[in-house]
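Everything below concerns the one structure shown next.
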Amino acid sequence: MDHLYILLIAALIVGASKGGLASAGAIAVPLCSLVMNPVVAAAVLLPVFLVTDWVGVFLYRRDFSARNLAILIPAMFAGVLLATVITPYTPEPLLLIVTGLIGLWYVGRKWLARGPEGPAAAARVAPGLFWGVLTGVTSFITHSGAPPAQAFLLPQRLPKLQFAGTIAIAFAAGNLAKLPGYWALGALDGLDWTLTAILAATGIAGTILGRRLVGVLPDALYLRVIEVLLFGLSIVLITKGALGVL
């Protein structure tokens with residue numbers, strides 16, 4: 001298949017994100033969109049997301065925040081349900097721009113803050129429901145749910161393994177909830193299942209690589225890596241959205 005190397009790189013990135021390098025995975029579809037239709041790219045990579053999700057769940061089965069999952073997962077389900085209703089009426093470029101601005105807002109607020117950091121935020125229900133619903137909507141429509149989820153989780157300054165595990169498990173549940181909608185829309189029709197198997201295997205290798213990187217990075221450096229990835233992703237989303245508007 002043409003552009004196989006781009007798809008392999010994208011699958012490796014998706015896997016690394018599920019292994020703990022959160023935000024990176026949402027760069028995969030925009031990367032493939034440089035050489036192919038973004039709808040086709042999303043459909044080709046969807047099985048990779050689903051397979052690597054559950055590898056991530058296995059790797060982080062002992063490391064997660066139960067309270068955050070109890071807040072985020074139902075909210076994400078509500079967001080997915082809402083997205084199935086509003087998708088025909090929501091311009092994707094506008095949602096990409098809004099999602100990117102959320103990421104820039106968080107990173108900018110963190111990097112430009114003066115003075116010592118305050119205490120870590122609590123996992124409060126109301127903000128979690130808001131960010132969780134937004135995560136479900138943006139994940140369903142644009143495959144870019146990381147910025148709103150991280151806007152909720154990063155201020156809590158969770159230990160790196162707990163943060164990575166919470167993200168992995170929440171998105172595994174959220175992506176599984178998206179499957180009926182994508183199936184009904186025909187997103188999986190016409191896939192080359194041999195190619196899908198190759199990409200899934202590459203994604204699994206990326207998941208293991210991501211988990212090992214998380215294990216060796218100090219907590220402070222890990223959080224900074226996540227912030228840099230979130231910043232880069234936000235720029236990509238805003239640029240893609242702006243090009244779509246133009």
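We label chains A, B, ... in the order they appear in the structure tokens, count residues from 1 in each chain, and number ligands from 1 in the order shown.
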- Quick one: residues within 9 Å of Gly15 in chain A, only C-alpha atoms counted, chain neighbours fewer than 5 positions away excluded, as JSON, numbers by chain? {"A": [10, 20, 21, 25, 48, 49, 52, 53, 55, 56, 200, 202, 203, 204, 205, 206, 207, 208, 209, 210]}
- Which polymer residues have any atom within 9 Å of an atom of Val29 in chain A, counting only C-alpha atoms, with same-chain residues fewer than 4 positions away left out, as a list in words? Ala10, Gly25, Ser33, Leu34, Pro38, Val39, Ala41, Ala42, Leu45, Thr142 and His143 of chain A
- Message: Which residues are close to Val40 in chain A, i.e. within 12 Å by only C-alpha atoms, leaving aside same-chain residues fewer than 4 positions away? Reply as a list in words.
- Response: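 In the requested form, the answer reads Leu7, Val29, Pro30, Cys32, Ser33, Leu34, Val35, Met36, Val44, Leu45, Leu46, Gly186, Ala187, Leu188, Asp189, Gly190, Leu191 and Asp192 of chain A.
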Would you save the residues from that selection as a short mmCIF file (atom, residue, chain, number, x, y, z; two decimals), in the first residue's frame, using C-alpha atoms?
data_model
loop_
_atom_site.label_atom_id
_atom_site.label_comp_id
_atom_site.auth_asym_id
_atom_site.auth_seq_id
_atom_site.Cartn_x
_atom_site.Cartn_y
_atom_site.Cartn_z
CA LEU A 7 1.06 4.42 8.56
CA VAL A 29 -4.35 10.97 12.21
CA PRO A 30 -3.10 14.49 11.31
CA CYS A 32 -1.49 10.46 7.97
CA SER A 33 -3.67 13.29 6.68
CA LEU A 34 -0.57 14.77 5.07
CA VAL A 35 -0.63 11.94 2.51
CA MET A 36 -4.20 10.58 2.55
CA VAL A 44 -7.42 2.62 9.04
CA LEU A 45 -6.01 3.54 12.45
CA LEU A 46 -9.20 2.85 14.44
CA GLY A 186 -19.45 2.08 7.89
CA ALA A 187 -16.04 3.27 9.08
CA LEU A 188 -14.69 -0.30 9.12
CA ASP A 189 -16.00 -1.26 5.68
CA GLY A 190 -13.38 -2.06 3.07
CA LEU A 191 -10.40 -2.24 5.43
CA ASP A 192 -7.36 -4.26 4.35
#
- For Ala164 in chain A, which residue out of A:Val214, A:Ile97, A:Ala24, A:Val228 is the nearest one, using only C-alpha atoms?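 Of A:Val214, A:Ile97, A:Ala24, A:Val228, the one nearest Ala164 in chain A, counting only C-alpha atoms, is A:Val214.
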Taking a cut-off of 8 Å and counting only C-alpha atoms, can you build a table that, for each residue of range 48-110 of chain A near range 146-155 of chain A, reports the nearest atom pair and how far apart they are in Å (one decimal), sorted by chain then residue number, as CSV?
residue,atom,partner,partner_atom,distance
A:Thr99,CA,A:Pro147,CA,6.6
A:Gly100,CA,A:Pro147,CA,7.3
A:Ile102,CA,A:Pro147,CA,6.3
A:Gly103,CA,A:Pro147,CA,4.9
A:Tyr106,CA,A:Ala151,CA,6.1
- Task: Going by DSSP on the backbone, which bits of range 75-246 of chain A are alpha helix (DSSP H)? Write them as a PyMOL selection string, please.
- Result: chain A and resi 75-86+92-111+125-142+146-153+160-184+193-216+219-245
Would you save the residues of that selection, restricted to C-alpha atoms, as a short mmCIF file (atom, residue, chain, number, x, y, z; two decimals), in the first residue's frame?
data_model
loop_
_atom_site.label_atom_id
_atom_site.label_comp_id
_atom_site.auth_asym_id
_atom_site.auth_seq_id
_atom_site.Cartn_x
_atom_site.Cartn_y
_atom_site.Cartn_z
CA ALA A 75 -18.86 11.62 31.33
CA MET A 76 -16.99 10.35 28.26
CA PHE A 77 -19.84 7.95 27.50
CA ALA A 78 -22.24 10.90 27.65
CA GLY A 79 -19.92 12.86 25.35
CA VAL A 80 -19.80 10.00 22.82
CA LEU A 81 -23.60 9.79 22.87
CA LEU A 82 -23.86 13.55 22.41
CA ALA A 83 -21.34 13.42 19.55
CA THR A 84 -23.38 10.82 17.66
CA VAL A 85 -26.25 13.33 17.65
CA ILE A 86 -24.33 16.53 16.83
CA GLU A 92 -14.90 19.51 12.23
CA PRO A 93 -12.44 22.41 11.62
CA LEU A 94 -14.15 24.49 14.33
CA LEU A 95 -13.96 21.64 16.84
CA LEU A 96 -10.29 21.06 15.99
CA ILE A 97 -9.53 24.72 16.69
CA VAL A 98 -11.46 24.73 19.98
CA THR A 99 -9.73 21.51 21.11
CA GLY A 100 -6.32 22.94 20.24
CA LEU A 101 -7.08 26.16 22.10
CA ILE A 102 -7.94 24.15 25.23
CA GLY A 103 -4.50 22.55 25.12
CA LEU A 104 -2.75 25.87 24.55
CA TRP A 105 -4.76 27.46 27.36
CA TYR A 106 -3.62 24.82 29.85
CA VAL A 107 0.03 24.77 28.78
CA GLY A 108 0.24 28.57 28.54
CA ARG A 109 -1.28 29.01 31.99
CA LYS A 110 1.19 26.50 33.42
CA TRP A 111 4.31 27.80 31.68
CA VAL A 125 -16.92 15.96 40.17
CA ALA A 126 -18.29 19.04 38.38
CA PRO A 127 -15.08 19.95 36.48
CA GLY A 128 -14.51 16.26 35.75
CA LEU A 129 -17.94 15.88 34.21
CA PHE A 130 -17.42 18.97 32.06
CA TRP A 131 -13.98 17.92 30.79
CA GLY A 132 -15.08 14.29 30.45
CA VAL A 133 -18.06 15.14 28.22
CA LEU A 134 -15.83 17.39 26.12
CA THR A 135 -13.28 14.57 25.88
CA GLY A 136 -15.95 12.18 24.60
CA VAL A 137 -17.19 14.65 21.99
CA THR A 138 -13.76 15.62 20.65
CA SER A 139 -12.52 12.04 20.70
CA PHE A 140 -15.51 10.81 18.70
CA ILE A 141 -15.45 13.55 16.07
CA THR A 142 -11.76 14.41 15.70
CA ALA A 146 -6.36 14.30 25.01
CA PRO A 147 -6.35 18.09 25.65
CA PRO A 148 -9.61 18.28 27.65
CA ALA A 149 -8.81 15.10 29.59
CA GLN A 150 -5.38 16.42 30.48
CA ALA A 151 -6.77 19.84 31.38
CA PHE A 152 -8.62 17.98 34.15
CA LEU A 153 -5.92 15.50 35.20
CA LYS A 160 3.30 9.45 36.54
CA LEU A 161 2.19 5.80 36.48
CA GLN A 162 -1.19 6.67 37.99
CA PHE A 163 -1.66 9.48 35.48
CA ALA A 164 -0.68 7.25 32.54
CA GLY A 165 -2.89 4.41 33.76
CA THR A 166 -5.89 6.65 34.28
CA ILE A 167 -5.55 8.06 30.76
CA ALA A 168 -5.06 4.58 29.26
CA ILE A 169 -8.07 3.02 30.98
CA ALA A 170 -10.38 5.99 30.43
CA PHE A 171 -9.65 6.12 26.70
CA ALA A 172 -9.91 2.34 26.35
CA ALA A 173 -13.46 2.56 27.70
CA GLY A 174 -14.25 5.66 25.65
CA ASN A 175 -12.94 4.25 22.38
CA LEU A 176 -14.85 1.01 22.92
CA ALA A 177 -18.02 3.07 23.38
CA LYS A 178 -17.34 4.70 20.00
CA LEU A 179 -17.25 1.37 18.16
CA PRO A 180 -21.01 0.91 17.58
CA GLY A 181 -21.28 4.39 16.10
CA TYR A 182 -18.32 3.88 13.79
CA TRP A 183 -19.62 0.48 12.76
CA ALA A 184 -23.03 1.95 11.94
CA TRP A 193 -7.20 -6.64 7.30
CA THR A 194 -3.67 -7.80 6.46
CA LEU A 195 -2.51 -4.20 6.69
CA THR A 196 -4.58 -3.78 9.85
CA ALA A 197 -2.81 -6.74 11.47
CA ILE A 198 0.62 -5.30 10.57
CA LEU A 199 -0.31 -1.90 11.98
CA ALA A 200 -1.79 -3.44 15.13
CA ALA A 201 1.44 -5.40 15.75
CA THR A 202 3.44 -2.20 15.27
CA GLY A 203 1.11 -0.42 17.68
CA ILE A 204 1.60 -3.11 20.32
CA ALA A 205 5.38 -2.71 20.00
CA GLY A 206 4.90 1.04 20.44
CA THR A 207 2.80 0.47 23.57
CA ILE A 208 5.56 -1.59 25.18
CA LEU A 209 8.15 1.03 24.17
CA GLY A 210 6.01 3.83 25.63
CA ARG A 211 5.59 1.94 28.91
CA ARG A 212 9.33 1.46 29.23
CA LEU A 213 10.00 5.14 28.58
CA VAL A 214 7.51 6.10 31.28
CA GLY A 215 9.28 3.76 33.68
CA VAL A 216 12.67 5.46 33.27
CA ASP A 219 8.19 12.33 37.42
CA ALA A 220 9.00 16.01 36.77
CA LEU A 221 10.52 15.26 33.36
CA TYR A 222 7.58 13.00 32.45
CA LEU A 223 5.09 15.79 33.16
CA ARG A 224 7.15 18.24 31.12
CA VAL A 225 7.27 15.75 28.19
CA ILE A 226 3.46 15.45 28.38
CA GLU A 227 3.11 19.24 28.39
CA VAL A 228 5.41 19.59 25.36
CA LEU A 229 3.47 16.88 23.49
CA LEU A 230 0.22 18.61 24.41
CA PHE A 231 1.58 21.92 23.14
CA GLY A 232 2.70 20.36 19.85
CA LEU A 233 -0.62 18.56 19.41
CA SER A 234 -2.55 21.76 20.07
CA ILE A 235 -0.60 23.63 17.38
CA VAL A 236 -1.25 20.78 14.92
CA LEU A 237 -4.99 20.79 15.67
CA ILE A 238 -5.33 24.57 15.36
CA THR A 239 -3.37 24.57 12.09
CA LYS A 240 -5.41 21.71 10.65
CA GLY A 241 -8.65 23.39 11.72
CA ALA A 242 -7.62 26.73 10.26
CA LEU A 243 -6.71 25.11 6.94
CA GLY A 244 -10.10 23.40 6.95
CA VAL A 245 -11.85 26.74 7.47
#
- Atom-to-atom span, CA of Pro47 in chain A and CA of Pro91 in chain A, Å: 24.7 Å
- Note on the structure: Shortest contact to Ile6 in chain A, candidates A:Leu69, A:Leu31, A:Ala123, A:Ala113, atoms counted only C-alpha atoms, goes to A:Leu31
- Counting only C-alpha atoms, which of A:Ser23, A:Thr90, A:Ser144, A:Ser65 gets nearest to Pro159 in chain A?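 Distance minimum relative to Pro159 in chain A lands on A:Ser65.
The two atoms in question, CA of Ile71 in chain A and CA of Arg157 in chain A, are spaced 16.8 Å apart.
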